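Pasting run13.cif here (mmCIF, C-alpha atoms and all ligand atoms):
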data_run
#
loop_
_atom_site.label_atom_id
_atom_site.label_comp_id
_atom_site.auth_asym_id
_atom_site.auth_seq_id
_atom_site.Cartn_x
_atom_site.Cartn_y
_atom_site.Cartn_z
CA MET H 1 28.08 -213.27 -15.91
CA PRO H 2 28.05 -209.59 -14.99
CA GLY H 3 29.20 -207.26 -17.76
CA LEU H 4 32.14 -204.94 -17.31
CA THR H 5 30.05 -201.94 -16.27
CA THR H 6 28.54 -203.69 -13.22
CA LEU H 7 31.90 -204.81 -11.84
CA PRO H 8 33.85 -202.72 -9.33
CA PRO H 9 36.76 -200.84 -10.92
CA PHE H 10 40.33 -202.10 -10.86
CA PRO H 11 41.96 -200.41 -7.84
CA ASP H 12 44.40 -197.51 -8.26
CA ASP H 13 46.59 -198.40 -5.28
CA VAL H 14 48.24 -201.60 -6.52
CA LEU H 15 51.47 -201.91 -8.46
CA THR H 16 50.53 -202.05 -12.14
CA HIS H 17 52.65 -202.58 -15.22
CA PRO H 18 51.70 -200.50 -18.27
CA LEU H 19 51.63 -202.24 -21.65
CA LEU H 20 52.00 -200.75 -25.12
CA VAL H 21 48.69 -200.62 -27.04
CA VAL H 22 48.85 -202.18 -30.50
CA ASP H 23 46.10 -201.52 -33.06
CA TYR H 24 45.37 -204.71 -35.02
CA GLU H 25 43.77 -202.83 -37.93
CA LEU H 26 46.86 -200.62 -38.32
CA ILE H 27 49.13 -203.67 -38.16
CA LYS H 28 47.12 -205.39 -40.89
CA ALA H 29 47.31 -202.21 -43.00
CA GLY H 30 51.12 -202.36 -42.73
CA ASN H 31 51.47 -199.12 -40.73
CA GLU H 32 55.22 -198.85 -40.04
CA GLN H 33 54.90 -196.86 -36.82
CA GLU H 34 52.47 -199.40 -35.38
CA ILE H 35 54.68 -202.31 -36.44
CA ASP H 36 57.66 -200.64 -34.71
CA LYS H 37 55.62 -200.27 -31.52
CA PHE H 38 54.55 -203.91 -31.73
CA TRP H 39 58.18 -204.99 -32.26
CA LYS H 40 59.22 -203.01 -29.20
CA ALA H 41 56.54 -204.75 -27.08
CA ALA H 42 57.46 -208.18 -28.44
CA THR H 43 61.20 -207.74 -27.81
CA THR H 44 61.00 -206.17 -24.35
CA LEU H 45 58.21 -207.71 -22.24
CA GLY H 46 56.48 -209.94 -24.80
CA PHE H 47 53.08 -208.62 -23.60
CA TRP H 48 50.89 -205.91 -25.20
CA TYR H 49 47.28 -204.74 -25.35
CA LEU H 50 45.58 -205.39 -28.68
CA LYS H 51 42.69 -203.19 -29.80
CA ASN H 52 40.47 -203.37 -32.89
CA HIS H 53 40.81 -207.16 -32.94
CA GLY H 54 37.17 -207.74 -33.90
CA ALA H 55 36.56 -210.58 -31.42
CA ASP H 56 34.43 -208.88 -28.72
CA GLU H 57 31.09 -210.42 -29.67
CA LEU H 58 32.57 -213.92 -29.95
CA VAL H 59 34.40 -213.40 -26.65
CA ASN H 60 31.10 -212.66 -24.89
CA GLN H 61 29.60 -215.83 -26.34
CA MET H 62 32.66 -217.82 -25.24
CA PHE H 63 32.25 -216.52 -21.68
CA ASP H 64 28.62 -217.72 -21.81
CA MET H 65 29.87 -221.15 -22.93
CA GLY H 66 32.34 -221.13 -20.02
CA ALA H 67 29.64 -220.22 -17.48
CA GLU H 68 27.28 -222.90 -18.84
CA THR H 69 30.08 -225.47 -18.56
CA MET H 70 31.23 -224.53 -15.05
CA ASP H 71 27.56 -224.68 -13.90
CA LEU H 72 27.39 -228.40 -14.77
CA PRO H 73 27.48 -230.80 -11.79
CA PHE H 74 31.04 -231.55 -10.69
CA GLU H 75 30.67 -235.30 -11.50
CA GLU H 76 29.60 -234.40 -15.02
CA LYS H 77 32.64 -232.14 -15.57
CA MET H 78 34.93 -234.84 -14.17
CA LYS H 79 33.86 -237.22 -16.96
CA PHE H 80 35.87 -234.94 -19.27
CA GLU H 81 38.92 -234.44 -17.04
CA GLN H 82 42.37 -233.97 -18.66
CA GLY H 83 43.91 -236.96 -16.89
CA ASP H 84 47.48 -237.21 -15.58
CA ASP H 85 49.33 -238.30 -18.71
CA GLY H 86 50.09 -234.93 -20.29
CA MET H 87 46.96 -234.18 -22.28
CA SER H 88 45.73 -230.63 -21.93
CA PHE H 89 42.36 -230.84 -23.67
CA GLY H 90 39.32 -231.24 -21.41
CA TYR H 91 38.27 -230.10 -17.93
CA LYS H 92 40.73 -229.22 -15.15
CA ALA H 93 39.31 -229.24 -11.62
CA PRO H 94 40.45 -226.76 -8.93
CA GLY H 95 43.56 -228.10 -7.21
CA ALA H 96 44.50 -230.50 -10.04
CA ASN H 97 47.66 -228.50 -10.79
CA ALA H 98 50.54 -227.48 -8.54
CA THR H 99 51.48 -223.79 -8.44
CA ASP H 100 55.03 -224.10 -7.13
CA GLU H 101 57.72 -226.57 -6.12
CA THR H 102 56.14 -227.18 -2.69
CA GLY H 103 53.12 -228.64 -4.48
CA ALA H 104 50.71 -225.84 -3.38
CA LYS H 105 47.49 -226.36 -5.33
CA ASP H 106 45.86 -224.02 -7.81
CA THR H 107 42.33 -222.71 -7.25
CA VAL H 108 41.16 -222.21 -10.85
CA GLU H 109 38.95 -224.55 -12.85
CA PHE H 110 39.01 -224.46 -16.61
CA ILE H 111 37.84 -226.08 -19.81
CA ASN H 112 40.32 -226.49 -22.68
CA ILE H 113 38.99 -227.12 -26.18
CA SER H 114 41.37 -228.28 -28.89
CA GLN H 115 41.62 -226.28 -32.10
CA ASP H 116 41.75 -229.60 -34.00
CA ASP H 117 38.52 -230.82 -32.39
CA ALA H 118 36.74 -227.53 -33.07
CA LEU H 119 37.84 -227.35 -36.72
CA ALA H 120 36.96 -231.00 -37.45
CA TRP H 121 33.71 -230.94 -35.46
CA PRO H 122 31.54 -233.09 -35.37
CA LYS H 123 34.38 -235.56 -36.04
CA PRO H 124 36.44 -236.00 -32.85
CA VAL H 125 40.22 -235.70 -33.29
CA HIS H 126 41.48 -235.82 -29.69
CA ARG H 127 38.55 -236.28 -27.33
CA ALA H 128 34.87 -235.71 -26.37
CA TYR H 129 33.57 -232.64 -24.48
CA PRO H 130 30.67 -231.75 -22.13
CA SER H 131 27.22 -231.15 -23.69
CA THR H 132 27.53 -227.37 -23.10
CA VAL H 133 30.66 -227.34 -25.29
CA ASN H 134 29.14 -229.52 -28.00
CA ALA H 135 26.08 -227.26 -28.16
CA ARG H 136 28.25 -224.23 -28.99
CA MET H 137 30.99 -225.90 -31.01
CA ALA H 138 29.75 -224.87 -34.46
CA GLY H 139 28.11 -221.53 -33.58
CA THR H 140 30.57 -220.07 -31.04
CA ILE H 141 33.74 -222.07 -30.43
CA ARG H 142 34.81 -222.79 -34.00
CA PRO H 143 34.29 -219.17 -35.15
CA PHE H 144 36.15 -217.89 -32.07
CA ILE H 145 39.07 -220.26 -32.66
CA GLU H 146 39.21 -219.44 -36.38
CA HIS H 147 39.21 -215.70 -35.72
CA SER H 148 41.72 -215.90 -32.87
CA ALA H 149 44.07 -218.21 -34.77
CA GLU H 150 44.05 -215.73 -37.64
CA VAL H 151 44.84 -212.80 -35.31
CA ASN H 152 47.74 -214.74 -33.81
CA LEU H 153 49.08 -215.87 -37.19
CA VAL H 154 48.86 -212.36 -38.72
CA LEU H 155 50.77 -210.93 -35.74
CA MET H 156 53.34 -213.73 -35.81
CA GLU H 157 54.01 -213.19 -39.51
CA VAL H 158 54.76 -209.50 -38.83
CA LEU H 159 57.34 -210.50 -36.21
CA ALA H 160 58.76 -213.14 -38.57
CA LYS H 161 59.38 -210.51 -41.25
CA LYS H 162 61.19 -208.30 -38.73
CA LEU H 163 63.36 -211.27 -37.75
CA GLY H 164 64.27 -211.80 -41.40
CA PHE H 165 62.41 -215.12 -41.78
CA ARG H 166 61.16 -215.94 -45.27
CA GLU H 167 57.45 -215.47 -45.86
CA GLY H 168 55.37 -218.44 -44.76
CA LEU H 169 58.09 -220.01 -42.58
CA LEU H 170 56.21 -219.51 -39.32
CA ALA H 171 52.91 -220.42 -41.00
CA SER H 172 54.49 -223.76 -41.98
CA LYS H 173 55.22 -224.38 -38.29
CA HIS H 174 51.58 -223.61 -37.36
CA ARG H 175 49.61 -225.39 -40.08
CA LEU H 176 45.92 -225.74 -39.33
CA ASP H 177 45.97 -229.18 -40.98
CA GLU H 178 48.60 -230.60 -38.63
CA THR H 179 47.50 -231.69 -35.16
CA SER H 180 48.81 -229.39 -32.44
CA GLY H 181 48.39 -228.33 -28.83
CA SER H 182 46.53 -225.19 -29.94
CA GLU H 183 43.46 -224.68 -27.78
CA THR H 184 41.05 -222.21 -26.27
CA ARG H 185 40.65 -222.07 -22.48
CA CYS H 186 37.92 -220.54 -20.33
CA ILE H 187 39.04 -220.10 -16.69
CA LYS H 188 36.98 -219.48 -13.55
CA ASN H 189 38.59 -218.45 -10.27
CA PRO H 190 36.16 -218.25 -7.32
CA PRO H 191 35.84 -215.03 -5.29
CA ARG H 192 38.11 -214.33 -2.30
CA PRO H 193 36.06 -212.02 -0.08
CA GLY H 194 38.38 -212.73 2.85
CA GLY H 195 41.01 -210.54 1.24
CA ILE H 196 43.75 -211.52 -1.10
CA SER H 197 46.84 -213.42 -0.36
CA GLU H 198 49.29 -212.39 -3.01
CA GLU H 199 51.60 -215.13 -1.89
CA LYS H 200 49.11 -217.80 -2.87
CA ALA H 201 48.74 -217.93 -6.61
CA ALA H 202 45.44 -219.01 -8.16
CA LEU H 203 47.43 -220.14 -11.22
CA GLY H 204 51.15 -220.53 -10.66
CA ALA H 205 53.97 -218.50 -12.20
CA HIS H 206 54.76 -219.72 -15.72
CA THR H 207 55.72 -218.80 -19.23
CA ASP H 208 53.22 -219.85 -21.89
CA PHE H 209 54.02 -223.16 -23.56
CA GLY H 210 53.27 -222.28 -27.18
CA SER H 211 53.77 -219.41 -29.63
CA MET H 212 51.18 -216.68 -29.01
CA THR H 213 48.29 -216.13 -26.59
CA PHE H 214 45.21 -213.95 -27.21
CA LEU H 215 43.71 -213.30 -23.75
CA HIS H 216 40.53 -211.62 -22.57
CA ASN H 217 39.73 -210.80 -18.97
CA ARG H 218 37.31 -208.63 -17.05
CA LEU H 219 38.84 -208.47 -13.59
CA GLY H 220 42.39 -207.93 -12.43
CA GLY H 221 44.52 -210.76 -11.12
CA LEU H 222 46.96 -211.31 -13.99
CA GLN H 223 50.47 -210.27 -12.98
CA VAL H 224 53.81 -210.13 -14.74
CA MET H 225 57.32 -210.03 -13.32
CA PRO H 226 59.16 -207.85 -15.83
CA PRO H 227 62.81 -208.57 -16.66
CA GLY H 228 65.10 -206.92 -14.13
CA SER H 229 62.37 -206.69 -11.46
CA ASP H 230 61.65 -209.01 -8.54
CA LYS H 231 58.14 -207.63 -8.02
CA TRP H 232 54.88 -208.98 -9.36
CA GLN H 233 52.95 -206.24 -11.15
CA TYR H 234 49.28 -206.31 -12.18
CA ILE H 235 48.08 -205.94 -15.74
CA ARG H 236 45.05 -203.64 -15.65
CA PRO H 237 42.13 -204.98 -17.71
CA ILE H 238 40.94 -202.39 -20.26
CA PRO H 239 37.52 -202.84 -21.92
CA GLY H 240 37.79 -203.80 -25.60
CA HIS H 241 41.50 -204.51 -25.28
CA ALA H 242 42.83 -208.05 -25.39
CA VAL H 243 46.11 -208.83 -23.63
CA CYS H 244 48.45 -210.72 -25.97
CA ASN H 245 51.69 -212.40 -25.11
CA LEU H 246 54.38 -214.53 -26.65
CA GLY H 247 55.16 -218.05 -25.45
CA ASP H 248 58.28 -220.19 -25.25
CA ALA H 249 58.13 -221.43 -28.86
CA MET H 250 58.59 -217.90 -30.23
CA TYR H 251 61.34 -217.22 -27.67
CA ILE H 252 63.16 -220.34 -28.86
CA PHE H 253 62.57 -219.90 -32.63
CA SER H 254 63.94 -216.34 -32.37
CA GLY H 255 67.00 -217.20 -30.28
CA GLY H 256 65.59 -215.15 -27.39
CA ILE H 257 64.98 -211.95 -29.37
CA LEU H 258 61.23 -212.29 -28.78
CA LYS H 259 60.31 -212.50 -25.10
CA SER H 260 58.17 -215.07 -23.30
CA ASN H 261 57.65 -213.47 -19.93
CA LEU H 262 56.85 -214.96 -16.54
CA HIS H 263 53.25 -214.36 -15.37
CA ARG H 264 50.72 -215.75 -12.91
CA VAL H 265 47.16 -215.21 -11.67
CA VAL H 266 46.27 -214.15 -8.12
CA PRO H 267 42.78 -213.34 -6.78
CA ALA H 268 41.30 -210.13 -8.20
CA PRO H 269 42.48 -207.12 -6.14
CA GLY H 270 40.48 -204.67 -3.99
CA ALA H 271 36.69 -204.60 -4.27
CA GLN H 272 36.90 -206.96 -7.27
CA ALA H 273 37.83 -209.81 -4.90
CA THR H 274 34.16 -210.57 -4.14
CA PHE H 275 33.45 -211.59 -7.77
CA SER H 276 34.32 -214.71 -9.69
CA ARG H 277 37.18 -214.00 -12.05
CA TRP H 278 36.71 -215.26 -15.61
CA SER H 279 39.28 -215.27 -18.35
CA LEU H 280 39.42 -216.62 -21.87
CA ALA H 281 42.51 -217.47 -23.88
CA MET H 282 43.37 -218.75 -27.32
CA PHE H 283 46.76 -220.43 -27.35
CA THR H 284 48.40 -220.88 -30.76
CA ARG H 285 51.07 -223.57 -30.54
CA PRO H 286 53.35 -225.13 -33.17
CA GLY H 287 52.31 -228.30 -34.97
CA ASP H 288 53.01 -231.50 -33.02
CA SER H 289 56.01 -232.52 -35.14
CA VAL H 290 57.74 -229.12 -35.07
CA VAL H 291 61.13 -229.23 -33.33
CA LEU H 292 61.65 -226.40 -30.86
CA ARG H 293 65.02 -224.88 -31.68
CA ALA H 294 66.35 -221.50 -32.77
CA LEU H 295 65.92 -221.00 -36.53
CA THR H 296 69.53 -219.83 -36.95
CA GLU H 297 69.82 -220.87 -40.62
CA GLU H 298 66.81 -218.68 -41.46
CA SER H 299 68.00 -215.36 -40.04
CA GLU H 300 71.35 -213.70 -39.33
CA LEU H 301 69.71 -211.81 -36.49
CA VAL H 302 68.71 -215.07 -34.81
CA ALA H 303 72.12 -216.69 -35.50
CA ASP H 304 73.89 -213.71 -33.87
CA ALA H 305 71.53 -213.73 -30.89
CA VAL H 306 72.24 -217.41 -30.20
CA LYS H 307 76.01 -216.87 -30.55
CA ASP H 308 75.86 -214.25 -27.80
CA ALA H 309 73.40 -216.10 -25.56
CA GLU H 310 74.37 -217.19 -22.06
CA ASN H 311 71.67 -219.85 -22.09
CA ALA H 312 72.41 -221.31 -25.54
CA SER H 313 71.31 -224.84 -24.59
CA ILE H 314 67.64 -223.86 -24.58
CA PHE H 315 67.95 -222.95 -28.26
CA GLU H 316 69.32 -226.36 -29.22
CA ASN H 317 66.64 -228.25 -27.34
CA MET H 318 65.49 -230.93 -29.77
CA GLN H 319 62.10 -231.69 -28.25
CA THR H 320 59.14 -231.60 -30.57
CA SER H 321 56.33 -229.25 -29.71
CA LYS H 322 54.21 -232.27 -28.73
CA GLU H 323 56.87 -233.58 -26.32
CA TRP H 324 57.55 -230.13 -24.83
CA PHE H 325 53.86 -229.54 -24.24
CA ALA H 326 53.08 -232.98 -22.75
CA ARG H 327 56.13 -232.80 -20.43
CA ARG H 328 55.02 -229.44 -19.06
CA ILE H 329 51.35 -230.41 -18.63
CA LYS H 330 52.13 -233.76 -17.01
CA ASN H 331 54.63 -232.44 -14.49
CA GLN H 332 52.39 -229.70 -13.17
CA ARG H 333 49.59 -232.14 -12.27
CA SER H 334 49.19 -232.36 -8.46
CA LYS H 335 48.91 -236.16 -8.62
CA ASN H 336 52.30 -236.44 -10.31
CA GLN H 337 54.21 -234.24 -7.83
CA GLN H 338 57.08 -236.11 -6.18
CA GLY H 339 58.98 -233.08 -4.96
CA PRO H 340 60.78 -230.08 -6.46
CA GLU H 341 62.22 -232.14 -9.33
CA THR H 342 58.74 -232.85 -10.76
CA TRP H 343 57.95 -229.14 -10.64
CA ARG H 344 61.24 -228.32 -12.36
CA GLN H 345 60.30 -230.79 -15.09
CA SER H 346 57.18 -228.69 -15.75
CA ARG H 347 59.25 -225.61 -16.54
CA GLY H 348 59.91 -224.01 -19.91
CA THR H 349 62.09 -220.92 -20.29
CA GLU H 350 61.21 -219.46 -16.86
CA HIS H 351 64.70 -219.70 -15.46
CA ARG H 352 66.53 -217.79 -18.14
CA PRO H 353 68.97 -215.29 -16.63
CA ASP H 354 67.00 -212.15 -17.58
CA ALA H 355 63.84 -213.37 -15.81
CA ALA H 356 65.50 -214.35 -12.56
O1 LIG J 1 43.70 -215.75 -16.52
C1 LIG J 1 44.59 -215.05 -16.99
O2 LIG J 1 44.50 -213.79 -17.03
C2 LIG J 1 45.86 -215.66 -17.52
C3 LIG J 1 45.81 -217.15 -17.67
C4 LIG J 1 47.11 -217.74 -18.12
O3 LIG J 1 48.17 -217.16 -17.98
C5 LIG J 1 47.14 -219.08 -18.76
O4 LIG J 1 46.11 -219.78 -18.71
O5 LIG J 1 48.20 -219.46 -19.31
FE FE J 2 49.72 -218.03 -19.24
#

What does the file become when written as structure tokens?
Ligand SMILES: O=C(O)CCC(=O)C(=O)O
Ligand SMILES: [Fe+2]
Amino acid sequence: MPGLTTLPPFPDDVLTHPLLVVDYELIKAGNEQEIDKFWKAATTLGFWYLKNHGADELVNQMFDMGAETMDLPFEEKMKFEQGDDGMSFGYKAPGANATDETGAKDTVEFINISQDDALAWPKPVHRAYPSTVNARMAGTIRPFIEHSAEVNLVLMEVLAKKLGFREGLLASKHRLDETSGSETRCIKNPPRPGGISEEKAALGAHTDFGSMTFLHNRLGGLQVMPPGSDKWQYIRPIPGHAVCNLGDAMYIFSGGILKSNLHRVVPAPGAQATFSRWSLAMFTRPGDSVVLRALTEESELVADAVKDAENASIFENMQTSKEWFARRIKNQRSKNQQGPETWRQSRGTEHRPDAA
């Protein structure tokens, strides 16, 4: 895959949304100013750039793993397909997911590797993977998942302290020894030299299903719709900077104080459209048995936020993380679409009033 320097630059003439830059080393050192900046990002858009995260070398190796996997014959990849029953781990072919309520199909292909499978390797926990994944499980994938899970958990603990949660509360909801939907994903979107159609998403508008996402991309194409805006705005990729965002679980645990913002992927803009777009994510999600509800008894701040909320029902949702995740995965599969109601069943917190 071409390195950053050989790719055309991100264009200057598209609508772009700036993100706050958070320094992971300063956060770990307890720097108050940096923590305040991080809190601002987490409570406004729920997206930020993260620098000094120490993952760059592993990220490059993960992109190699992704390229090796996508280069396998299609029939080979299909032996490891996710299926239509709500399991995320495995291969997802282009078009296997809907991108909106009309059933329009996505154009990305990706491989999802479970954190549980990587940590227990060579013992399978959930499923088997293509040979290209197995070959890099111990040397690349497990170290990447371990590092990324730690980054996410360190950041989440900082937010937990600000919310007034007792130490270790969020860690107990994300135990590495409980099975979960946590996974890493490498995504390929083919080039669109014919120009971009912003109306046709490569990966449909969504909020992330879990707690925190650590994302790496080279080309543009990721867009957010910030609260109060009805316009999609690009996130500019910056070398050495991950893009991190919060998912629905953190929105719900915090009674809506932490934001899980709507985003999507469209073809890379401008001259970048002639290249394949690759991205790599680590999704940290709560343990399978964790109930998704606001932790009102753990924090006055959260209790007050829920009292004032217009959409209080989302905070009393009693689905477990496993049920929430499987419902969303299953109902976005193209094969399962039976009209707008199926699509609606795939939704998380997207339709909250401040993201309309
Ligand atoms: O490819 C990207 O930049 C974002 C992907 C994404 O939002 C996701 O997989 O949930
Ligand atoms: Fe996402």

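Close to (48.8, -204.6, -25.9), meaning no more than 9 Å away when counting only C-alpha atoms, sit the residues Leu19, Leu20, Val21, Val22, Asp23, Phe38, Ala41, Phe47, Trp48, Tyr49, Leu50, Lys51, His241, Ala242, Val243, Cys244 and Asn245 of chain H.
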
Can I get the selected residues back with C-alpha atoms, as a PDB file, in the frame of the given file?
ATOM      1  CA  LEU H  19      51.630-202.240 -21.650  1.00  0.00           C
ATOM      2  CA  LEU H  20      52.000-200.750 -25.120  1.00  0.00           C
ATOM      3  CA  VAL H  21      48.690-200.620 -27.040  1.00  0.00           C
ATOM      4  CA  VAL H  22      48.850-202.180 -30.500  1.00  0.00           C
ATOM      5  CA  ASP H  23      46.100-201.520 -33.060  1.00  0.00           C
ATOM      6  CA  PHE H  38      54.550-203.910 -31.730  1.00  0.00           C
ATOM      7  CA  ALA H  41      56.540-204.750 -27.080  1.00  0.00           C
ATOM      8  CA  PHE H  47      53.080-208.620 -23.600  1.00  0.00           C
ATOM      9  CA  TRP H  48      50.890-205.910 -25.200  1.00  0.00           C
ATOM     10  CA  TYR H  49      47.280-204.740 -25.350  1.00  0.00           C
ATOM     11  CA  LEU H  50      45.580-205.390 -28.680  1.00  0.00           C
ATOM     12  CA  LYS H  51      42.690-203.190 -29.800  1.00  0.00           C
ATOM     13  CA  HIS H 241      41.500-204.510 -25.280  1.00  0.00           C
ATOM     14  CA  ALA H 242      42.830-208.050 -25.390  1.00  0.00           C
ATOM     15  CA  VAL H 243      46.110-208.830 -23.630  1.00  0.00           C
ATOM     16  CA  CYS H 244      48.450-210.720 -25.970  1.00  0.00           C
ATOM     17  CA  ASN H 245      51.690-212.400 -25.110  1.00  0.00           C
TER      18      ASN H 245
END

Write out as a tab-separated table the residues of chain H that have any atom within 10 Å of an atom of ligand LIG 1 (chain J), one row each with the nearest atom pair and its distance in Å to one decimal, counting all atoms listed in the file, sorted by chain and then rising number.
residue	atom	partner	partner_atom	distance
H:Val108	CA	J:LIG1	O1	9.0
H:Phe110	CA	J:LIG1	O4	8.8
H:Asn112	CA	J:LIG1	O4	9.7
H:Thr184	CA	J:LIG1	O4	9.4
H:Arg185	CA	J:LIG1	O4	7.0
H:Cys186	CA	J:LIG1	O4	8.4
H:Ile187	CA	J:LIG1	O1	6.4
H:Lys188	CA	J:LIG1	O1	8.2
H:Asn189	CA	J:LIG1	O1	8.5
H:Ala202	CA	J:LIG1	O1	9.1
H:Leu203	CA	J:LIG1	C3	7.3
H:Gly204	CA	J:LIG1	O3	8.6
H:Ala205	CA	J:LIG1	O3	8.3
H:His206	CA	J:LIG1	O3	7.4
H:Thr207	CA	J:LIG1	O5	7.5
H:Asp208	CA	J:LIG1	O5	5.7
H:Phe209	CA	J:LIG1	O5	8.1
H:Gly210	CA	J:LIG1	O5	9.8
H:Thr213	CA	J:LIG1	O5	8.0
H:Phe214	CA	J:LIG1	C2	9.9
H:Leu215	CA	J:LIG1	O2	6.8
H:His216	CA	J:LIG1	O2	7.2
H:Asn217	CA	J:LIG1	O2	6.0
H:Arg218	CA	J:LIG1	O2	8.8
H:Leu219	CA	J:LIG1	O2	8.5
H:Gly220	CA	J:LIG1	O2	7.7
H:Gly221	CA	J:LIG1	O2	6.6
H:Leu222	CA	J:LIG1	O2	4.6
H:Gln223	CA	J:LIG1	O2	8.0
H:Val224	CA	J:LIG1	O3	9.6
H:Ile235	CA	J:LIG1	O2	8.7
H:Pro237	CA	J:LIG1	O2	9.1
H:Val243	CA	J:LIG1	O2	8.4
H:Asn245	CA	J:LIG1	O3	9.3
H:Gly247	CA	J:LIG1	O5	9.4
H:Leu262	CA	J:LIG1	O3	9.1
H:His263	CA	J:LIG1	O3	6.4
H:Arg264	CA	J:LIG1	O3	5.8
H:Val265	CA	J:LIG1	C1	5.9
H:Val266	CA	J:LIG1	O1	8.9
H:Arg277	CA	J:LIG1	O1	8.1
H:Trp278	CA	J:LIG1	O1	7.1
H:Ser279	CA	J:LIG1	O1	4.8
H:Leu280	CA	J:LIG1	O1	6.9
H:Ala281	CA	J:LIG1	O4	6.7
H:Met282	CA	J:LIG1	O4	9.1
H:Phe283	CA	J:LIG1	O5	8.2

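Residues with any atom within 9 Å of Val302 of chain H, counting only C-alpha atoms and excluding same-chain neighbours fewer than 3 positions away, are Leu163, Gly164, Phe253, Ser254, Gly255, Gly256, Ile257, Ala294, Leu295, Thr296, Glu297, Glu298, Ser299, Ala305, Val306 and Lys307 of chain H.
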
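Distances to ligand FE 2 (chain J) were evaluated for H:Leu176, H:Ala171, H:Ala138, H:Leu246 using all atoms listed in the file, and the minimum falls at H:Leu246.
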
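Going from atom CA of Trp232 of chain H over to atom CA of Asn261 of chain H, you cover 11.8 Å.
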
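Comparing the minimum interatomic distances between Ala104 of chain H and each of H:Asp304, H:Ser260, H:Thr140, H:Arg333, counting all atoms listed in the file, we find that H:Arg333 sits nearest.
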
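With all atoms listed in the file as the atoms that count, the residue of H:Pro124, H:Trp324, H:Gly46, H:Tyr129 with the shortest distance to ligand FE 2 (chain J) is H:Gly46.
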
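If you measure from each of H:Arg236, H:Met212, H:Gly287, H:Arg327 to ligand FE 2 (chain J) using only C-alpha atoms and all ligand atoms, the closest one turns out to be H:Met212.
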
Please provide as an NGL selection string all residues within 9 Å of Lys28 of chain H, with the sequence filter that same-chain residues fewer than 6 positions apart are discarded (counting all atoms listed in the file). :H and (154-155 or 158)

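The closest residue to Ser276 of chain H, picked from H:Asp85, H:Thr99, H:Glu300, H:Ala67 and counting all atoms listed in the file, is H:Ala67.
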